[in-house]
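Shown next: upload13.pdb, given as PDB, C-alpha atoms and all ligand atoms.
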ATOM      1  CA  MET B  12     127.875 134.844  76.256
ATOM      2  CA  THR B  13     125.886 134.832  79.502
ATOM      3  CA  HIS B  14     127.236 135.575  82.938
ATOM      4  CA  ASN B  15     125.927 134.995  86.414
ATOM      5  CA  THR B  16     125.772 137.630  89.105
ATOM      6  CA  HIS B  17     128.959 136.626  90.930
ATOM      7  CA  THR B  18     130.813 139.792  91.837
ATOM      8  CA  ASN B  19     134.194 138.302  90.883
ATOM      9  CA  ASN B  20     134.200 138.219  87.084
ATOM     10  CA  GLU B  21     137.962 138.129  86.615
ATOM     11  CA  PHE B  22     137.662 135.595  83.786
ATOM     12  CA  ASP B  23     135.149 137.600  81.752
ATOM     13  CA  GLY B  24     135.743 136.951  78.054
ATOM     14  CA  LYS B  25     138.314 134.198  78.733
ATOM     15  CA  VAL B  26     138.051 130.671  77.375
ATOM     16  CA  ALA B  27     139.314 127.702  79.373
ATOM     17  CA  ILE B  28     139.771 123.975  78.815
ATOM     18  CA  VAL B  29     139.544 121.737  81.886
ATOM     19  CA  THR B  30     140.362 118.034  81.549
ATOM     20  CA  GLY B  31     138.912 115.480  83.930
ATOM     21  CA  ALA B  32     136.034 117.895  84.440
ATOM     22  CA  GLY B  33     133.442 115.214  85.140
ATOM     23  CA  SER B  34     134.357 114.783  88.808
ATOM     24  CA  GLY B  35     136.220 116.114  91.816
ATOM     25  CA  ILE B  36     138.783 118.888  91.345
ATOM     26  CA  GLY B  37     138.167 119.231  87.601
ATOM     27  CA  LEU B  38     134.432 119.625  88.099
ATOM     28  CA  ALA B  39     134.960 122.220  90.846
ATOM     29  CA  THR B  40     137.446 124.083  88.619
ATOM     30  CA  ALA B  41     135.155 124.123  85.584
ATOM     31  CA  ARG B  42     132.333 125.489  87.745
ATOM     32  CA  LEU B  43     134.511 128.096  89.470
ATOM     33  CA  LEU B  44     136.010 129.430  86.219
ATOM     34  CA  GLN B  45     132.516 129.573  84.707
ATOM     35  CA  GLU B  46     131.134 131.373  87.781
ATOM     36  CA  ARG B  47     133.860 133.989  87.359
ATOM     37  CA  GLY B  48     133.033 134.700  83.744
ATOM     38  CA  ALA B  49     134.941 132.143  81.657
ATOM     39  CA  SER B  50     133.560 129.963  78.918
ATOM     40  CA  VAL B  51     134.721 126.414  79.566
ATOM     41  CA  VAL B  52     135.329 123.326  77.451
ATOM     42  CA  ALA B  53     134.924 120.481  79.945
ATOM     43  CA  VAL B  54     136.614 117.237  78.890
ATOM     44  CA  ASP B  55     136.279 113.827  80.494
ATOM     45  CA  ARG B  56     136.354 110.223  79.346
ATOM     46  CA  ASN B  57     133.293 109.640  81.519
ATOM     47  CA  GLU B  58     130.022 110.480  79.776
ATOM     48  CA  GLU B  59     128.693 112.089  82.968
ATOM     49  CA  VAL B  60     130.551 115.228  81.853
ATOM     50  CA  MET B  61     127.775 115.823  79.292
ATOM     51  CA  ALA B  62     125.492 116.862  82.178
ATOM     52  CA  LEU B  63     127.517 120.108  82.411
ATOM     53  CA  GLU B  64     126.203 121.349  79.051
ATOM     54  CA  GLY B  65     125.147 125.009  79.210
ATOM     55  CA  PRO B  66     125.568 128.369  77.475
ATOM     56  CA  ASP B  67     129.086 128.852  78.876
ATOM     57  CA  ILE B  68     130.136 125.207  79.189
ATOM     58  CA  ALA B  69     130.778 122.901  76.238
ATOM     59  CA  PRO B  70     131.352 119.336  77.436
ATOM     60  CA  LEU B  71     133.270 116.741  75.424
ATOM     61  CA  VAL B  72     133.745 113.037  76.021
ATOM     62  CA  ALA B  73     137.370 112.255  75.181
ATOM     63  CA  ASP B  74     140.348 110.312  76.489
ATOM     64  CA  VAL B  75     143.223 112.746  77.096
ATOM     65  CA  ALA B  76     145.750 110.006  76.333
ATOM     66  CA  ARG B  77     144.658 109.880  72.679
ATOM     67  CA  GLU B  78     146.462 112.225  70.327
ATOM     68  CA  ASP B  79     143.298 113.308  68.488
ATOM     69  CA  SER B  80     141.525 114.318  71.736
ATOM     70  CA  ALA B  81     143.630 117.445  72.247
ATOM     71  CA  ALA B  82     143.015 118.654  68.692
ATOM     72  CA  ARG B  83     139.251 118.012  69.028
ATOM     73  CA  THR B  84     139.148 119.855  72.350
ATOM     74  CA  VAL B  85     141.090 122.919  71.214
ATOM     75  CA  ALA B  86     138.981 123.056  68.031
ATOM     76  CA  LEU B  87     135.837 123.070  70.196
ATOM     77  CA  ALA B  88     137.210 126.001  72.217
ATOM     78  CA  ILE B  89     138.103 128.012  69.111
ATOM     79  CA  ASP B  90     134.989 127.139  67.076
ATOM     80  CA  GLY B  91     132.591 127.436  69.998
ATOM     81  CA  PHE B  92     134.020 130.367  71.941
ATOM     82  CA  GLY B  93     136.512 132.003  69.564
ATOM     83  CA  ARG B  94     139.769 131.761  71.536
ATOM     84  CA  LEU B  95     141.776 129.853  74.142
ATOM     85  CA  ASP B  96     143.260 131.495  77.247
ATOM     86  CA  ILE B  97     143.528 128.786  79.921
ATOM     87  CA  LEU B  98     144.293 125.060  79.948
ATOM     88  CA  VAL B  99     143.933 123.007  83.120
ATOM     89  CA  ASN B 100     145.533 119.556  82.773
ATOM     90  CA  ASN B 101     143.711 117.792  85.586
ATOM     91  CA  ALA B 102     142.642 114.320  84.366
ATOM     92  CA  ALA B 103     144.424 111.451  86.084
ATOM     93  CA  ILE B 104     144.027 107.922  87.377
ATOM     94  CA  LEU B 105     145.447 106.115  90.381
ATOM     95  CA  LEU B 106     146.901 102.592  90.410
ATOM     96  CA  ASN B 107     147.616 100.602  93.551
ATOM     97  CA  LYS B 108     150.158  97.985  92.456
ATOM     98  CA  ALA B 109     153.643  96.955  93.515
ATOM     99  CA  VAL B 110     156.243  97.196  90.756
ATOM    100  CA  VAL B 111     156.744  93.420  90.758
ATOM    101  CA  ASP B 112     153.025  92.855  90.097
ATOM    102  CA  MET B 113     152.492  95.618  87.543
ATOM    103  CA  SER B 114     151.942  94.852  83.865
ATOM    104  CA  LEU B 115     153.447  97.041  81.169
ATOM    105  CA  GLU B 116     149.911  97.900  80.085
ATOM    106  CA  GLU B 117     149.051  99.138  83.591
ATOM    107  CA  TRP B 118     152.239 101.229  83.827
ATOM    108  CA  ASN B 119     151.676 102.704  80.354
ATOM    109  CA  GLY B 120     148.025 103.409  81.140
ATOM    110  CA  VAL B 121     148.870 105.571  84.163
ATOM    111  CA  LEU B 122     151.661 107.466  82.393
ATOM    112  CA  ALA B 123     149.461 107.962  79.316
ATOM    113  CA  ALA B 124     146.557 109.501  81.227
ATOM    114  CA  ASN B 125     148.499 111.466  83.836
ATOM    115  CA  THR B 126     151.556 112.698  81.925
ATOM    116  CA  THR B 127     151.255 112.112  78.173
ATOM    117  CA  GLY B 128     147.756 113.629  78.238
ATOM    118  CA  ALA B 129     149.159 116.818  79.753
ATOM    119  CA  PHE B 130     151.901 116.906  77.105
ATOM    120  CA  LEU B 131     149.426 116.414  74.244
ATOM    121  CA  PHE B 132     146.984 119.045  75.526
ATOM    122  CA  SER B 133     149.780 121.514  76.319
ATOM    123  CA  ARG B 134     151.236 121.092  72.833
ATOM    124  CA  GLU B 135     147.904 121.713  71.146
ATOM    125  CA  ALA B 136     147.026 124.660  73.406
ATOM    126  CA  LEU B 137     150.446 126.277  72.945
ATOM    127  CA  ARG B 138     149.979 126.141  69.166
ATOM    128  CA  LYS B 139     147.076 128.588  69.679
ATOM    129  CA  MET B 140     148.470 130.531  72.653
ATOM    130  CA  ILE B 141     151.908 131.288  71.134
ATOM    131  CA  PRO B 142     150.557 133.220  68.125
ATOM    132  CA  ALA B 143     148.269 135.111  70.557
ATOM    133  CA  ALA B 144     151.271 135.728  72.863
ATOM    134  CA  SER B 145     149.184 135.086  75.968
ATOM    135  CA  GLY B 146     147.725 132.282  78.016
ATOM    136  CA  ALA B 147     148.147 130.201  81.144
ATOM    137  CA  ILE B 148     148.433 126.456  81.692
ATOM    138  CA  VAL B 149     147.925 124.849  85.088
ATOM    139  CA  ASN B 150     148.878 121.214  85.627
ATOM    140  CA  VAL B 151     147.339 119.381  88.548
ATOM    141  CA  GLY B 152     150.136 117.698  90.436
ATOM    142  CA  SER B 153     150.251 116.184  93.881
ATOM    143  CA  TYR B 154     152.463 115.736  96.883
ATOM    144  CA  ALA B 155     153.391 112.674  94.800
ATOM    145  CA  CYS B 156     155.360 115.109  92.603
ATOM    146  CA  TYR B 157     157.941 114.768  95.396
ATOM    147  CA  GLN B 158     156.958 111.993  97.794
ATOM    148  CA  ALA B 159     156.497 108.299  97.133
ATOM    149  CA  PHE B 160     154.502 105.525  98.752
ATOM    150  CA  PRO B 161     154.727 101.738  98.308
ATOM    151  CA  THR B 162     152.411 100.492  95.501
ATOM    152  CA  LEU B 163     152.149 103.974  93.977
ATOM    153  CA  ALA B 164     155.218 103.797  91.688
ATOM    154  CA  ALA B 165     153.307 104.453  88.463
ATOM    155  CA  TYR B 166     151.268 107.336  89.900
ATOM    156  CA  ALA B 167     154.267 108.933  91.652
ATOM    157  CA  SER B 168     156.359 108.583  88.490
ATOM    158  CA  SER B 169     153.595 110.210  86.460
ATOM    159  CA  LYS B 170     153.385 113.159  88.848
ATOM    160  CA  GLY B 171     157.165 113.542  89.129
ATOM    161  CA  ALA B 172     157.299 113.690  85.334
ATOM    162  CA  LEU B 173     154.410 116.169  85.315
ATOM    163  CA  ALA B 174     156.393 118.484  87.598
ATOM    164  CA  GLN B 175     159.309 118.388  85.181
ATOM    165  CA  LEU B 176     156.994 118.889  82.189
ATOM    166  CA  THR B 177     155.680 121.935  84.037
ATOM    167  CA  ARG B 178     159.163 123.402  84.539
ATOM    168  CA  ALA B 179     160.571 122.665  81.079
ATOM    169  CA  SER B 180     157.474 123.774  79.167
ATOM    170  CA  ALA B 181     157.243 126.900  81.348
ATOM    171  CA  LEU B 182     160.723 127.911  80.219
ATOM    172  CA  GLU B 183     159.698 127.540  76.578
ATOM    173  CA  ALA B 184     156.372 129.317  77.000
ATOM    174  CA  ILE B 185     157.340 132.315  79.101
ATOM    175  CA  GLU B 186     159.247 133.942  76.254
ATOM    176  CA  HIS B 187     155.853 134.098  74.505
ATOM    177  CA  GLY B 188     154.126 135.607  77.539
ATOM    178  CA  ILE B 189     152.487 132.315  78.552
ATOM    179  CA  ARG B 190     152.774 131.081  82.147
ATOM    180  CA  ILE B 191     152.805 127.368  82.984
ATOM    181  CA  ASN B 192     152.582 126.210  86.602
ATOM    182  CA  ALA B 193     151.274 123.321  88.646
ATOM    183  CA  VAL B 194     149.368 122.904  91.871
ATOM    184  CA  GLY B 195     150.598 120.150  94.177
ATOM    185  CA  ALA B 196     147.398 118.919  95.757
ATOM    186  CA  GLY B 197     147.225 117.045  99.034
ATOM    187  CA  ASP B 198     144.444 114.613  99.858
ATOM    188  CA  VAL B 199     141.127 115.813  98.467
ATOM    189  CA  VAL B 200     137.793 114.076  98.958
ATOM    190  CA  THR B 201     137.008 112.963  95.383
ATOM    191  CA  ASN B 202     136.383 109.782  93.420
ATOM    192  CA  LEU B 203     140.103 109.312  92.606
ATOM    193  CA  ALA B 204     140.616 106.302  94.897
ATOM    194  CA  ASN B 205     137.286 104.605  94.154
ATOM    195  CA  ASP B 206     138.903 101.953  91.948
ATOM    196  CA  ILE B 207     141.550 100.992  94.495
ATOM    197  CA  LYS B 208     139.610 101.133  97.792
ATOM    198  CA  ALA B 209     136.199  99.837  98.865
ATOM    199  CA  ASP B 210     135.297 103.383  99.951
ATOM    200  CA  GLY B 211     137.721 105.696  98.139
ATOM    201  CA  ARG B 212     136.256 108.931  99.483
ATOM    202  CA  LYS B 213     136.454 107.713 103.086
ATOM    203  CA  PHE B 214     140.036 106.554 102.455
ATOM    204  CA  LEU B 215     141.086 109.999 101.160
ATOM    205  CA  ALA B 216     139.286 111.767 104.026
ATOM    206  CA  GLU B 217     141.093 109.578 106.576
ATOM    207  CA  HIS B 218     144.478 109.778 104.826
ATOM    208  CA  GLY B 219     144.205 113.561 104.894
ATOM    209  CA  MET B 220     144.123 113.454 108.674
ATOM    210  CA  GLY B 221     147.831 112.582 108.487
ATOM    211  CA  ALA B 222     148.644 116.042 107.117
ATOM    212  CA  PRO B 223     149.630 118.796 109.555
ATOM    213  CA  ILE B 224     146.272 120.490 108.896
ATOM    214  CA  GLY B 225     144.560 117.305 110.112
ATOM    215  CA  ARG B 226     142.048 116.894 107.291
ATOM    216  CA  ALA B 227     141.600 116.359 103.568
ATOM    217  CA  ALA B 228     140.554 119.228 101.301
ATOM    218  CA  GLU B 229     137.306 119.822  99.472
ATOM    219  CA  PRO B 230     137.751 120.064  95.665
ATOM    220  CA  ARG B 231     136.882 123.771  95.688
ATOM    221  CA  GLU B 232     139.953 124.547  97.836
ATOM    222  CA  ILE B 233     142.208 123.224  95.055
ATOM    223  CA  ALA B 234     140.092 124.843  92.326
ATOM    224  CA  GLU B 235     140.756 128.218  93.982
ATOM    225  CA  ILE B 236     144.544 127.714  93.625
ATOM    226  CA  ILE B 237     144.144 126.576  90.023
ATOM    227  CA  ALA B 238     142.058 129.687  89.277
ATOM    228  CA  PHE B 239     144.655 131.878  90.993
ATOM    229  CA  LEU B 240     147.516 130.382  88.953
ATOM    230  CA  ALA B 241     145.457 130.823  85.767
ATOM    231  CA  SER B 242     144.717 134.461  86.603
ATOM    232  CA  ASP B 243     146.726 137.637  86.119
ATOM    233  CA  LYS B 244     147.142 137.782  89.926
ATOM    234  CA  ALA B 245     149.807 135.078  89.470
ATOM    235  CA  SER B 246     151.653 137.161  86.869
ATOM    236  CA  PHE B 247     155.112 136.524  88.407
ATOM    237  CA  ILE B 248     154.715 132.765  89.010
ATOM    238  CA  VAL B 249     156.476 130.693  86.331
ATOM    239  CA  GLY B 250     157.263 126.970  86.355
ATOM    240  CA  ALA B 251     156.259 126.562  89.987
ATOM    241  CA  VAL B 252     154.648 123.615  91.725
ATOM    242  CA  VAL B 253     152.541 125.446  94.302
ATOM    243  CA  MET B 254     151.764 123.075  97.141
ATOM    244  CA  ALA B 255     148.178 123.106  98.392
ATOM    245  CA  ASP B 256     148.409 120.072 100.612
ATOM    246  CA  GLY B 257     147.679 121.083 104.182
ATOM    247  CA  GLY B 258     151.392 120.779 104.918
ATOM    248  CA  MET B 259     151.674 117.145 103.788
ATOM    249  CA  SER B 260     154.897 117.842 101.866
ATOM    250  CA  VAL B 261     156.388 119.513 104.955
ATOM    251  CA  ALA B 262     155.694 116.743 107.458
ATOM    252  CA  ILE B 263     153.342 113.786 107.740
ATOM    253  CA  LYS B 264     152.054 113.422 111.271
TER
HETATM  254  N1  LIG N   1     141.995 113.479  95.314
HETATM  255  C1  LIG N   1     143.220 113.555  95.790
HETATM  256  O1  LIG N   1     143.479 113.209  96.951
HETATM  257  C2  LIG N   1     144.340 114.099  94.938
HETATM  258  C3  LIG N   1     145.589 114.325  95.536
HETATM  259  C4  LIG N   1     146.605 114.835  94.770
HETATM  260  C5  LIG N   1     146.397 115.102  93.429
HETATM  261  N2  LIG N   1     145.177 114.845  92.868
HETATM  262  C6  LIG N   1     145.031 115.103  91.449
HETATM  263  O2  LIG N   1     143.853 115.835  91.189
HETATM  264  C7  LIG N   1     143.449 115.601  89.845
HETATM  265  C8  LIG N   1     141.956 115.366  89.803
HETATM  266  O3  LIG N   1     141.650 114.164  90.478
HETATM  267  P1  LIG N   1     140.383 114.028  91.439
HETATM  268  O4  LIG N   1     140.912 113.801  92.792
HETATM  269  O5  LIG N   1     139.426 115.123  91.206
HETATM  270  O6  LIG N   1     139.820 112.614  90.932
HETATM  271  P2  LIG N   1     138.442 112.183  90.258
HETATM  272  O7  LIG N   1     138.611 110.724  89.978
HETATM  273  O8  LIG N   1     137.288 112.620  91.089
HETATM  274  O9  LIG N   1     138.421 113.000  88.893
HETATM  275  C9  LIG N   1     139.313 112.701  87.844
HETATM  276  C10 LIG N   1     138.555 112.785  86.532
HETATM  277  O10 LIG N   1     139.489 112.544  85.474
HETATM  278  C11 LIG N   1     138.854 111.724  84.514
HETATM  279  N3  LIG N   1     139.864 111.009  83.736
HETATM  280  C12 LIG N   1     140.743 110.075  84.174
HETATM  281  N4  LIG N   1     141.486 109.633  83.151
HETATM  282  C13 LIG N   1     141.079 110.295  82.048
HETATM  283  C14 LIG N   1     141.452 110.263  80.691
HETATM  284  N5  LIG N   1     142.408 109.425  80.243
HETATM  285  N6  LIG N   1     140.823 111.087  79.817
HETATM  286  C15 LIG N   1     139.846 111.926  80.241
HETATM  287  N7  LIG N   1     139.424 111.982  81.530
HETATM  288  C16 LIG N   1     140.036 111.180  82.404
HETATM  289  C17 LIG N   1     137.982 110.793  85.315
HETATM  290  O11 LIG N   1     136.942 110.222  84.515
HETATM  291  C18 LIG N   1     137.461 111.724  86.407
HETATM  292  O12 LIG N   1     136.225 112.319  86.035
HETATM  293  C19 LIG N   1     144.294 114.435  89.345
HETATM  294  O13 LIG N   1     145.349 114.952  88.538
HETATM  295  C20 LIG N   1     144.859 113.845  90.611
HETATM  296  O14 LIG N   1     146.075 113.164  90.397
HETATM  297  C21 LIG N   1     144.150 114.365  93.586
END
Entire entry expressed as structure tokens:
Amino acid sequence: MTHNTHTNNEFDGKVAIVTGAGSGIGLATARLLQERGASVVAVDRNEEVMALEGPDIAPLVADVAREDSAARTVALAIDGFGRLDILVNNAAILLNKAVVDMSLEEWNGVLAANTTGAFLFSREALRKMIPAASGAIVNVGSYACYQAFPTLAAYASSKGALAQLTRASALEAIEHGIRINAVGAGDVVTNLANDIKADGRKFLAEHGMGAPIGRAAEPREIAEIIAFLASDKASFIVGAVVMADGGMSVAIK
């Protein structure tokens, strides 16, 4: 295993899976964990993830909503790097549709990617982490874990369910020494809204100005919280949704 010269090598010898690692927060998280010593399996349905290939990063093109993807990903971590310590369930999609206009396929597609994917990957990871009696899972939630907006029913439902998956699975896992938490991200300048807005990055940057902090975040600011929750520094945090949203969940300006 090779390491860079970063002075913070808190993830030395650890192996992490990051889903949705081809873009935005997932990409920043994969890079940050790798910089700090981890070996990373980087999963995305977008083939651009293959560009991450390196000695400490094994990319995989897979759809998290498919049941076989989790098994393939965990097998790659174990076969390639010998163990699994961290899972970051980050992959998600956004849908901008009123309930009355939404097809069942659209609803199911959002829930499958954003919630069922996290369940499938958590299940597969826990099957390795429980016998090892250690590990950490971080789910990437949103202020939409709590708040709702018109035309975001599917996305908000998926993130509300993810918060409850976080809490319930955390209760099961902690008796095995495994911590499961979530980060509740605010607006972050990524490609998430590209399919629903002409300029999705500009939209997220402008929407972030409505938070008390007056701006959207850069992906690295969320990756830092994910890394913290995955690290031993967060040893007493269990089943929490830690808000990193510039105050958006406190008050929208
Ligand atoms: N950007 C924001 O403002 C914001 C706010 C709150 C929460 N979040 C959350 O942050 C997480 C990361 O999103 P982002 O903002 O970096 O968006 P992004 O679109 O830049 O990245 C998401 C990645 O997930 C991948 N992905 C989507 N569905 C997938 C699937 N079924 N299988 C595998 N990969 C899949 C995409 O290809 C993409 O590379 C998501 O969970 C999102 O809900 C983002």
Under the rule that all atoms listed in the file are counted, which of B:Asp90, B:Glu117, B:Asp256, B:Glu46 is the nearest residue to ligand LIG 1 (chain N)?
B:Asp256
Selected residue of minimal separation from ligand LIG 1 (chain N) among B:Ala147, B:Leu106, B:Ile89, B:Ala209, counting only C-alpha atoms and all ligand atoms
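Comparing B:Ala147, B:Leu106, B:Ile89, B:Ala209 against ligand LIG 1 (chain N), the winner is B:Leu106.
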Within 7 Å of ligand LIG 1 (chain N), counting all atoms listed in the file: which residues, as a PyMOL selection string?
chain B and resi 30-37+54-57+73-76+101-104+124-125+151-154+195-204+215+230
Minimum-distance residue to Arg231 (chain B), chosen among B:Arg42, B:His187, B:His218, B:Lys25 (using all atoms listed in the file):
B:Arg42
Hits from the PyMOL selection byres (((chain B and resi 96-98) around 9) and not hetatm), listed as a PyMOL selection string
chain B and resi 25-30+94-95+99-100+132-133+136+139-140+145-150+241-242
